[in-house]
Structure formats: C-alpha cells, structure tokens
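J.: Before I ask anything, here is the structure I am working with.
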Amino acid sequence: MKLSKLVGERIKENPSGASLKSHILLLRAGYIKQVSAGIFSLLPPAQRVNLKIQNIIREEMNAIGGQEVLFPVVMPRELWEMSGRYTSIKDEMVRFKDRTGHDMVLGMTHEEASVHMALNTIKSHDQLPFMIYQIQTKFRDEARPRGGLIRVREFTMKDAYSFHTSQEDLENYYKKVFDAYVRIYKRIGFKKFIAVKSDTGMMGGKVADEFMAVTDVGEDRLVICPHCSYSSNMEVAVSVKAQNDGQIAGELEEVFTGNAHTIEDVCVLLETDPAHTAKAVCFKTETDGKLVVVFLRGDYEVNEIKLQKLVRSELLPVDVEEFGLSGGNIGCLNLHLPEGSYVFFDETLKGLENFVTGANKKDFHLKNVSASRDLKDVEFVDVSFVKEGDHCAFCGHELKLTRGIEIGNIFQLGTKYTQSMGMKVTMPDGTTKEPIMGCYGIGVGRSLASIVEEKADEKGLVWPMTIAPWHVHFCPLRMDNENVSAVADEIYKKMLDACIEVLFDDRNVSVGIKLTDSELMGLPIRVIISPKTLANGQAEVTLRESGEQLFINLSDLISELKVLIQDEIDEIEEYAKSPKITYSEN
RNA sequence: CGAGGUGUAGCGCAGGGGCCAGCGCGCACGGUUCGGGACCGUGAGGCCGUGGGUUCAAAUCCCACCACCUCGACCA
C-alpha cells in the first residue's frame with residue numbers, strides 16, 4: 001500500500017475531547033473516525049487490524065470445534081418475547097417498526113437467535129455437544145459511550161453458543177473455551193490480561209468469567225490475590241474483611257449528635273474513626289417497593305450486586321422518612337421497620353466492639369455498642385465491597401486492587417433460553433431434555449483498543465506482529481533524490497513479490513514528517529533508505545517496540561525482513577502455547 | 001437519567017452588539033531547503049450548531065432545541 005493513497009490523515013495536535021491513550025492515538029494516526037457518539041468508522045489500517053484479530057479468534061474457535069454461522073442483525077419482536085427479554089431489557093436495545101408496522105429489534109446479543117437456529121433442527125442427544133459462533137456487528141444503545149473504542153454503541157463482537165446434554169459436559173467444554181481465550185489474547189499480543197470471576201447479570205446463569213486487560217484506565221475494578229489464583233471482578237469479589245480489634249465496650253450510652261449525620265461528622269464529634277461505626281445504608285426494592293436496610297462498618301461500602309441477589313430485585317434509592325425512619329440516625333439496635341422490610345448485617349460488623357451507631361431517634365447516636373453483647377442473635381452476610389487491605393478468602397494473603405477493561409467473557413448459561421424457547425433433544429432413554437448452554441463473547445474493537453492501551457508509547461501506536469496492519473513501514477528519505485526514488489520503487493516491488501505486507505511512504509515530504517508518522521502509525525518494522533544508506537548499499541531497519549536499529553545490505557533485505565517477521569510471529573505463537581493463566585473454580 | 005462543559009475553516013483555537021470574522025496547523029500552486037513535524041511567496045476554504053426572539057444592527061444578548069465531551073447512574 002502506498003501511503004500517499006491511504007485514506008485517512010495523521011494529525012499533529014491532540015483531538016479535543018479524547019483523554020484515553022488509545023482514543024487519542026487511533027484518531028491521530030488515522031485509524032478511526034467518529035461518526036456519532038459511540039459510533040466509529042474504521043479506516044483501512046484499523047480494519048486490517050480488526051480482520052487479523054478476527055482471524056485469530058476464528059482459528060481458535062474452529063480449533064475447539066466451533067462452527068461459524070451468521071445470525072441476523074435485525075430480529076422480530078417475537079423471538080425476543082420467547083425468552084422474555086423483549087421487556088426485561090430496557091433502553092439498551094434499539095427497537096423500531098418495519099414498513100408493515102411490525103416490531104423489530106437490533107441484535108445486541110444472540111442467545112435467542114442461536115436457540116432459534118438449533119430449534120427443531122437439533123433433535124437428538126447424538127447431535128450434542130456443538131458450538132456455533134459468529135463475528136458480527138452488535139448494537140447496544142449505551143447510556144454513555146466513552147473512551148474511543150473502549151465503550152461504544154456499535155461494535156464487532158465474536159459471540160459463541162454451546163449446547164450440552166449435561167452440566168458436566170458444559171463444564172468440560174467451558175474449560176476448553178477458557179483455554180482458547182487465553183491463546184487468543186496471547187496471540188493478539190496481550191501480556192497484561194487476567195481472567196476474573198464475574199457477575200452473570202442479565203444473561204442469567206451461574207458461573208461466569210471475564211477476561212480483563214489490566215490497566216489503570218479500565219472501567220472495572222478487580223481484586224487479585226498475588227499468592228493464589230484468586231482473581232475476581234469487584235462486583236462479586238469476596239474477602240476476609242479487615243480484622244476488628246475487639247476492644248471492650250463500656251455501657252451503652254445515648255449521645256446527642258444533632259446535625260452530625262454523615263459518618264465523617266459523627267466520627268469527628270465523638271472522636272472515633274469510621275472503622276468503629278456501624279452505618280445504615282437504605283434502598284427500596286424495585287419489584288415491590290420494600291425497604292432494605294444494610295448495616296455495615298463505616299469504612300466499607302455496600303455492594304449492591306450482592307445485595308440484589310439476596311433480595312432478588314433491583315434496588316432503587318429511597319427516602320427513609322417515607323418509612324418513618326430518622327435519616328442519619330438509623331442504628332442497628334431497637335430498630336422498628338415496617339412489615340416486610342429487609343434488614344441485613346454485613347460481616348464487617350462481626351466481632352466489632354465499642355462502636356457507634358444511630359440511636360433510631362432524631363439527633364442521637366449510641367456509643368459503646370458491642371457486637372458480641374448487643375448483636376448476639378444476628379446472622380451476618382456479605383454485602384460489602386472488598387477494600388484495600390482485605391485478605392484472600394482462599395489463602396489469607398493480602399489482596400491487591402487494580403482495574404481492567406473487559407475484553408471477553410464466558411458464561412455457563414444453563415437452560416434459561418432452551419427452556420423458555422422450548423428446545424428439547426431426545427435422550428438415549430427416550431426422555432427429552434433441554435440442552436444446557438454456554439455462551440462466550442469477545443469484543444473485537446475493544447480488544448484492539450486495549451492492546452493499544454497496553455503497548456503504545458509516547459511516540460505512538462505499537463502493534464504486535466500478529467495483528468499489525470502491515471508488517472513493514474518502508475520509509476525512503478529524500479524521495480526527491482532520483483537514486484533513492486528509483487531504488488525505492490525497486491525494493492517496494494520486491495517486497496510485494498515476496499508477499500511482505502508493506503506500507504510504502506512514497507511521499508516526497510520532509511524527514512521529520514516521515515519519521516514521526518511512521519512512529520505514530522506503529523508498524524513493527526521500519527525500513528529506511530536514503531542517499532546515506534545507499535552509499536553503503538544498505539537499508540536501515542528499526543524495530544518499533546524496542547527501538548533496536550540494524551543496517552542490512554540491500555541484497556539481503558528481503559530475506560532478512562522475512563526472518564524478522566517470522567521470528568516475531570513464532571515468538572508470540574510459542575508464548576501462546578504455554579498458558580500461564582489456567583481456569584480456577586474460585 | 002443526574003451534574004458540569006463545549007459548539008466559529010479539515011484539525012486545534014481566538015473574537016463576546018457596529019467596518020471585510022481571525023490566528024496556528026493542514027490543503028493547492030511556485031520556489032529554496034531537507035536524516036527529526038524546514039522556509040519564502042501566492043491562493044482556496046465559513047449558514048459562526050439549529051430555530052425563534054430583542055435591536056436600526058446579532059457569531060456576539062435572551063429563550064428553546066439539537067449535537068458532542070467529561071464525571072456519575074446504568075451496562076449481556
């Protein structure tokens with residue numbers, strides 16, 4: 001490809017409104033162009049990366065028996081009503097009417113379509129297990145797209161669906177997919193990625209793992225044990241909470257605290273610290289409007305996802321006065337709640353002595369409360385977030401908190417969709433059974449952006465050889481020089497003949513522009529010729545990632561480049577074969 | 001959906017009732033340079049986000065809307 005004809009432009013100044021490295025560099029290097037909020041066009045270089053990532057995914061999916069299919073983007077309402085998701089999913093799904101007035105939706109995931117494909121065509125246990133997958137555009141009307149390709153509304157996703165006759169068979173296959181995912185991310189070039197336990201959310205099902213590109217700019221908070229294999233999304237992470245010190249409490253005492261309602265104010269007033277308070281956090285259930293009160297140690301936060309599982313409902317904010325409570329003075333003793341209310345005591349209160357809590361009376365708090373004395377009959381549950389300093393629930397080591405971008409996920413779905421859509425297969429004993437499903441997603445564009453986050457430097461993009469849009473950036477300096485331009489044309493032709501993927505900067509522009517553009521675009525190998533190098537019959541070869549520079553005789557250039565390219569690819573493939581990340585039950 | 005912000009040339013921005021709407025980069029043409037975003041000259045490029053109002057006069061003031069960005073809520 002000749003750079004003079006490449007669609008897109010390199011820009012010098014940082015685009016306004018972009019703050020993430022991947023967003024800024026992909027814009028500046030001419031890889032992406034925004035069309036609307038969360039909607040982007042991929043320019044030729046980005047599409048080449050996109051296709052290479054897709055091919056890696058395709059190879060690994062095929063290698064574990066996946067059958068590639070293509071589901072429709074537009075689906076009728078009825079298909080989504082079969083699973084109940086036409087109503088359970090809200091504004092995130094785009095709906096519209098076709099010309100006859102029929103309700104249609106844009107596909108944001110394809111569980112329904114995958115069951116539909118198998119429905120009535122798969123009839124016997126003998127045809128299971130199988131896995132079908134597609135690589136296709138999804139549209140999710142995200143409330144707030146952000147970060148360039150990190151969080152978008154329209155995106156390319158690989159989604160796969162497997163069908164099994166037993167939970168055991170699903171679990172075995174699930175591990176295979178897990179390993180395939182590890183290989184995929186390694187082949188793409190990721191070094192900093194991990195698998196974490198996650199919430200199953202609207203997909204339903206029990207077990208779910210997410211693959212995370214570890215980065216400070218990630219949207220998800222992660223909990224990792226540096227000692228054992230435990231790693232989890234903060235949403236569902238468990239831990240041994242910070243120890244309570246067990247100091248002896250004195251007599252219960254009611255104290256006037258007036259306008260001090262927040263934990264901070266109360267602590268200042270009573271000269272204590274948040275770790276010696278029990279705060280109340282209140283919600284209302286979405287389903288039936290019941291009050292939910294959670295007590296937890298003042299320095300912890302409520303994990304609403306854990307809480308939602310306990311009350312089996314979404315949670316809404318609540319005005320506690322409406323339930324006759326005194327906001328800011330709710331405490332865990334002598335609490336009188338309306339019939340049917342939920343009250344939970346978080347495990348952070350277990351063993352807590354000598355603490356402060358609301359007195360359930362306007363303007364008053366209780367001092368010297370003791371869990372062992374005053375909360376004797378209480379059952380403690382885990383509804384709090386893991387906090388810095390907590391310890392691993394499995395090995396006791398201190399946990400680390402970090403952040404990540406979700407670049408893929410795998411779910412054990414169960415029978416939610418086969419059951420609701422009536423898919424059954426005949427078993428050997430003549431009975432029928434609803435197949436048990438797994439589903440497995442990878443965000444292609446998000447993976448592309450995440451690898452940029454991991455590898456790009458202050459000069460620009462840095463592509464791993466396996467997904468680079470072109471392997472070689474051929475950059476002759478002084479194209480006004482007749483010798484240079486003649487030799488350049490010749491070398492370019494030889495590169496093409498040798499099937500080297502090359503971007504040829506054929507422009508007659510200044511050296512600075514050529515060099516900075518090449519660094520910005522991030523191709524792994526840069527080949528320079530100039531009057532200087534030609535005087536020695538050489539080309540200068542620079543490796544983008546390491547900056548390593550070598551001079552190669554023109555006569556050996558093509559063969560040397562092929563070796564450099566192949567070595568780099570081999571190294572990544574070799575790395576992909578040794579999975580350091582393995583599936584863990586915890 | 002909540003809070004804040006921004007819309008002026010392809011990009012980054014200035015101008016905030018009155019003359020012809022500007023600067024830098026980029027683009028086109030000519031010339032000189034050229035191994036780290038060179039320089040000189042000439043030129044093209046604007047519904048000042050949209051609609052309504054105030055005024056003799058609006059890019060500028062007022063109202064509404066739209067779009068986009070940031071933070072939060074939400075997120076298979």
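Each chain in the structure tokens gets a letter, A, B, ..., in the order shown, and its residues are numbered from 1; ligands are numbered from 1 in order too.
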Tell me which protein, DNA and RNA residues are within 8 Å of region 175-186 of chain A, counting only C-alpha atoms (C1' of nucleotides), leaving out same-chain ones fewer than 5 positions away, and put them as a ChimeraX atom specification.
T.: /A:56-57,60-61,64,191,193,410,440,572-573,575-577,579,581-583
J.: Store the residues picked out above in a file with C-alpha atoms, as a CSV table (one decimal), in the first residue's frame.
T.:
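Result went into selection01.csv, see below:
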```
chain,number,residue,atom,x,y,z
A,56,ILE,CA,-7.0,-15.3,15.2
A,57,ILE,CA,-10.4,-15.7,17.0
A,60,GLU,CA,-9.1,-20.7,17.8
A,61,MET,CA,-12.9,-21.1,17.7
A,64,ILE,CA,-12.3,-26.2,19.6
A,191,LYS,CA,0.8,-9.6,28.1
A,193,PHE,CA,-4.5,-9.7,30.9
A,410,ILE,CA,-17.7,-16.7,29.2
A,440,TYR,CA,-18.8,-16.8,25.1
A,572,ILE,CA,4.2,-14.8,20.0
A,573,GLU,CA,2.8,-18.2,18.9
A,575,TYR,CA,4.1,-17.8,24.1
A,576,ALA,CA,0.5,-18.6,23.3
A,577,LYS,CA,1.2,-22.3,23.7
A,579,PRO,CA,-0.9,-20.9,29.2
A,581,ILE,CA,-3.4,-18.5,33.1
A,582,THR,CA,-5.4,-21.5,34.0
A,583,TYR,CA,-9.0,-22.0,34.9
```
J.: If you run DSSP on the backbone, which residues of region 431-572 of chain A are strand (DSSP E), as a PyMOL selection string?
T.: chain A and resi 432-433+436-443+472-474+502-504+525-528+538-543+549-553
J.: Quick one: residues within 8 Å of region 2-5 of chain B, only C-alpha atoms (C1' of nucleotides), excluding same-chain residues fewer than 3 positions away - as a list in words?
T.: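 The contact residues come out as C69, U70, C71, G72 and A73 of chain B.
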J.: Compute the set of chain A residues within 10 Å of chain B, using only C-alpha atoms (C1' of nucleotides), and express it as a ChimeraX atom specification.
T.: /A:9,11-19,36-37,89,92,108-111,140-144,146,151,200-204,409,441,477-478,480,509-517,528,530-532
J.: With a distance cut-off of 12 Å and only C-alpha atoms (C1' of nucleotides), select the neighbouring residues of G30 (chain B), excluding the residue or stretch itself and same-chain residues fewer than 6 positions from it, and output the selection as number ranges by chain.
T.: B: 40-43
J.: Could you list, as a list in words, every residue within 12 Å of U50 (chain B), counting only C-alpha atoms (C1' of nucleotides) and ignoring same-chain residues fewer than 4 positions away?
T.: G7, A64, C65, C66 and A67 of chain B
J.: For a test of reading the model, state the distance in Å between CA of Ala535 (chain A) and CA of Asp506 (chain A), rounded to one decimal.
T.: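 The value is 20.1 Å.
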J.: Given the choices A:Leu119, A:Cys332, A:Ala63, A:Val74, which gets closest to His102 (chain A) if the distance is worked out from only C-alpha atoms?
T.: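 With only C-alpha atoms as the atom set, the closest residue is A:Val74.
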J.: Quick one: everything within 10 Å of region 356-365 of chain A, counting only C-alpha atoms (C1' of nucleotides), minus sequence neighbours fewer than 6 positions away in the same chain. Send it as a PyMOL selection string.
T.: chain A and resi 252-261+263+266-267+270+272-280+295+297-298+325-336
J.: Limited to N, CA and C atoms, could you put the picked residues into a file as a tab-separated table (two decimals), in the first residue's frame?
T.:
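Result file out-v2.tsv:
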```
chain	number	residue	atom	x	y	z
A	252	LEU	N	-23.68	0.95	77.17
A	252	LEU	CA	-24.36	1.65	76.08
A	252	LEU	C	-24.70	3.07	76.53
A	253	GLU	N	-24.49	4.00	75.60
A	253	GLU	CA	-24.74	5.37	76.00
A	253	GLU	C	-25.35	6.13	74.83
A	254	GLU	N	-26.44	6.83	75.09
A	254	GLU	CA	-27.07	7.61	74.05
A	254	GLU	C	-26.48	9.01	74.09
A	255	VAL	N	-26.01	9.49	72.95
A	255	VAL	CA	-25.40	10.82	72.95
A	255	VAL	C	-26.07	11.71	71.91
A	256	PHE	N	-26.16	12.98	72.23
A	256	PHE	CA	-26.74	13.95	71.31
A	256	PHE	C	-25.73	14.28	70.22
A	257	THR	N	-26.12	14.11	68.96
A	257	THR	CA	-25.19	14.38	67.88
A	257	THR	C	-25.73	15.43	66.92
A	258	GLY	N	-26.95	15.86	67.14
A	258	GLY	CA	-27.52	16.97	66.37
A	258	GLY	C	-27.46	16.78	64.87
A	259	ASN	N	-26.85	17.71	64.22
A	259	ASN	CA	-26.83	17.69	62.76
A	259	ASN	C	-25.77	16.77	62.16
A	260	ALA	N	-25.00	16.13	63.03
A	260	ALA	CA	-23.97	15.23	62.51
A	260	ALA	C	-24.65	13.95	62.01
A	261	HIS	N	-24.77	13.85	60.71
A	261	HIS	CA	-25.48	12.71	60.12
A	261	HIS	C	-24.55	11.79	59.35
A	263	ILE	N	-21.05	9.79	58.43
A	263	ILE	CA	-20.06	9.06	59.24
A	263	ILE	C	-18.92	9.99	59.64
A	266	VAL	N	-20.01	12.42	62.43
A	266	VAL	CA	-20.22	11.74	63.71
A	266	VAL	C	-18.86	11.36	64.32
A	267	CYS	N	-17.94	10.90	63.45
A	267	CYS	CA	-16.63	10.49	63.95
A	267	CYS	C	-15.88	11.67	64.56
A	270	LEU	N	-17.59	12.57	67.94
A	270	LEU	CA	-17.44	11.59	69.02
A	270	LEU	C	-16.01	11.09	69.15
A	272	THR	N	-14.02	9.33	67.24
A	272	THR	CA	-13.75	7.94	66.91
A	272	THR	C	-13.43	7.89	65.41
A	273	ASP	N	-13.31	6.70	64.82
A	273	ASP	CA	-13.00	6.59	63.40
A	273	ASP	C	-14.05	5.70	62.73
A	274	PRO	N	-14.17	5.80	61.41
A	274	PRO	CA	-15.23	5.07	60.70
A	274	PRO	C	-15.19	3.57	60.96
A	275	ALA	N	-14.02	3.02	61.24
A	275	ALA	CA	-13.92	1.58	61.49
A	275	ALA	C	-14.57	1.21	62.83
A	276	HIS	N	-14.97	2.20	63.62
A	276	HIS	CA	-15.69	1.93	64.87
A	276	HIS	C	-17.09	2.50	64.82
A	277	THR	N	-17.69	2.39	63.63
A	277	THR	CA	-19.08	2.80	63.49
A	277	THR	C	-19.80	1.73	62.68
A	278	ALA	N	-21.12	1.70	62.87
A	278	ALA	CA	-21.95	0.86	62.00
A	278	ALA	C	-22.91	1.80	61.31
A	279	LYS	N	-22.76	1.90	59.98
A	279	LYS	CA	-23.65	2.82	59.28
A	279	LYS	C	-24.79	2.04	58.66
A	280	ALA	N	-25.87	2.75	58.42
A	280	ALA	CA	-27.03	2.14	57.76
A	280	ALA	C	-27.12	2.70	56.35
A	295	PHE	N	-26.68	-2.76	57.42
A	295	PHE	CA	-25.72	-2.19	58.37
A	295	PHE	C	-24.34	-2.73	58.04
A	297	ARG	N	-19.81	-1.77	58.51
A	297	ARG	CA	-18.82	-0.93	59.15
A	297	ARG	C	-18.63	0.35	58.36
A	298	GLY	N	-18.42	1.45	59.07
A	298	GLY	CA	-18.43	2.77	58.44
A	298	GLY	C	-17.41	2.97	57.35
A	325	LEU	N	-38.49	6.51	59.27
A	325	LEU	CA	-37.18	6.44	59.93
A	325	LEU	C	-36.54	7.82	59.97
A	326	SER	N	-35.61	7.96	60.88
A	326	SER	CA	-34.92	9.24	61.01
A	326	SER	C	-33.59	9.16	60.27
A	327	GLY	N	-33.56	9.71	59.07
A	327	GLY	CA	-32.36	9.64	58.24
A	327	GLY	C	-31.14	10.18	58.97
A	328	GLY	N	-30.03	9.47	58.91
A	328	GLY	CA	-28.82	9.93	59.58
A	328	GLY	C	-28.70	9.43	61.01
A	329	ASN	N	-29.79	8.85	61.51
A	329	ASN	CA	-29.73	8.34	62.89
A	329	ASN	C	-30.19	6.89	62.97
A	330	ILE	N	-30.16	6.19	61.83
A	330	ILE	CA	-30.61	4.80	61.85
A	330	ILE	C	-29.52	3.95	62.48
A	331	GLY	N	-29.91	3.11	63.39
A	331	GLY	CA	-28.93	2.27	64.08
A	331	GLY	C	-29.37	0.84	64.17
A	332	CYS	N	-28.46	-0.05	64.54
A	332	CYS	CA	-28.81	-1.47	64.50
A	332	CYS	C	-29.46	-2.00	65.77
A	333	LEU	N	-29.65	-1.14	66.77
A	333	LEU	CA	-30.40	-1.59	67.95
A	333	LEU	C	-31.74	-0.88	68.02
A	334	ASN	N	-32.72	-1.61	68.51
A	334	ASN	CA	-34.07	-1.03	68.68
A	334	ASN	C	-34.61	-0.41	67.39
A	335	LEU	N	-34.41	-1.13	66.31
A	335	LEU	CA	-34.88	-0.60	65.04
A	335	LEU	C	-36.26	-1.15	64.75
A	336	HIS	N	-37.19	-0.25	64.45
A	336	HIS	CA	-38.54	-0.71	64.14
A	336	HIS	C	-38.85	-0.40	62.69
```
J.: Near A21 (chain B), within 12 Å and counting only C-alpha atoms (C1' of nucleotides), which residues show up once chain neighbours fewer than 4 positions away are dropped, as a VMD selection string?
T.: chain B and resid 8 to 9 14 to 15 46 48 59 to 60
J.: Looking at A:Ala456, A:Val73, A:Ile224, A:Leu316, which one is nearest to Leu520 (chain A), with distances taken over only C-alpha atoms?
T.: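 For Leu520 (chain A), the nearest of the candidates is A:Ala456.
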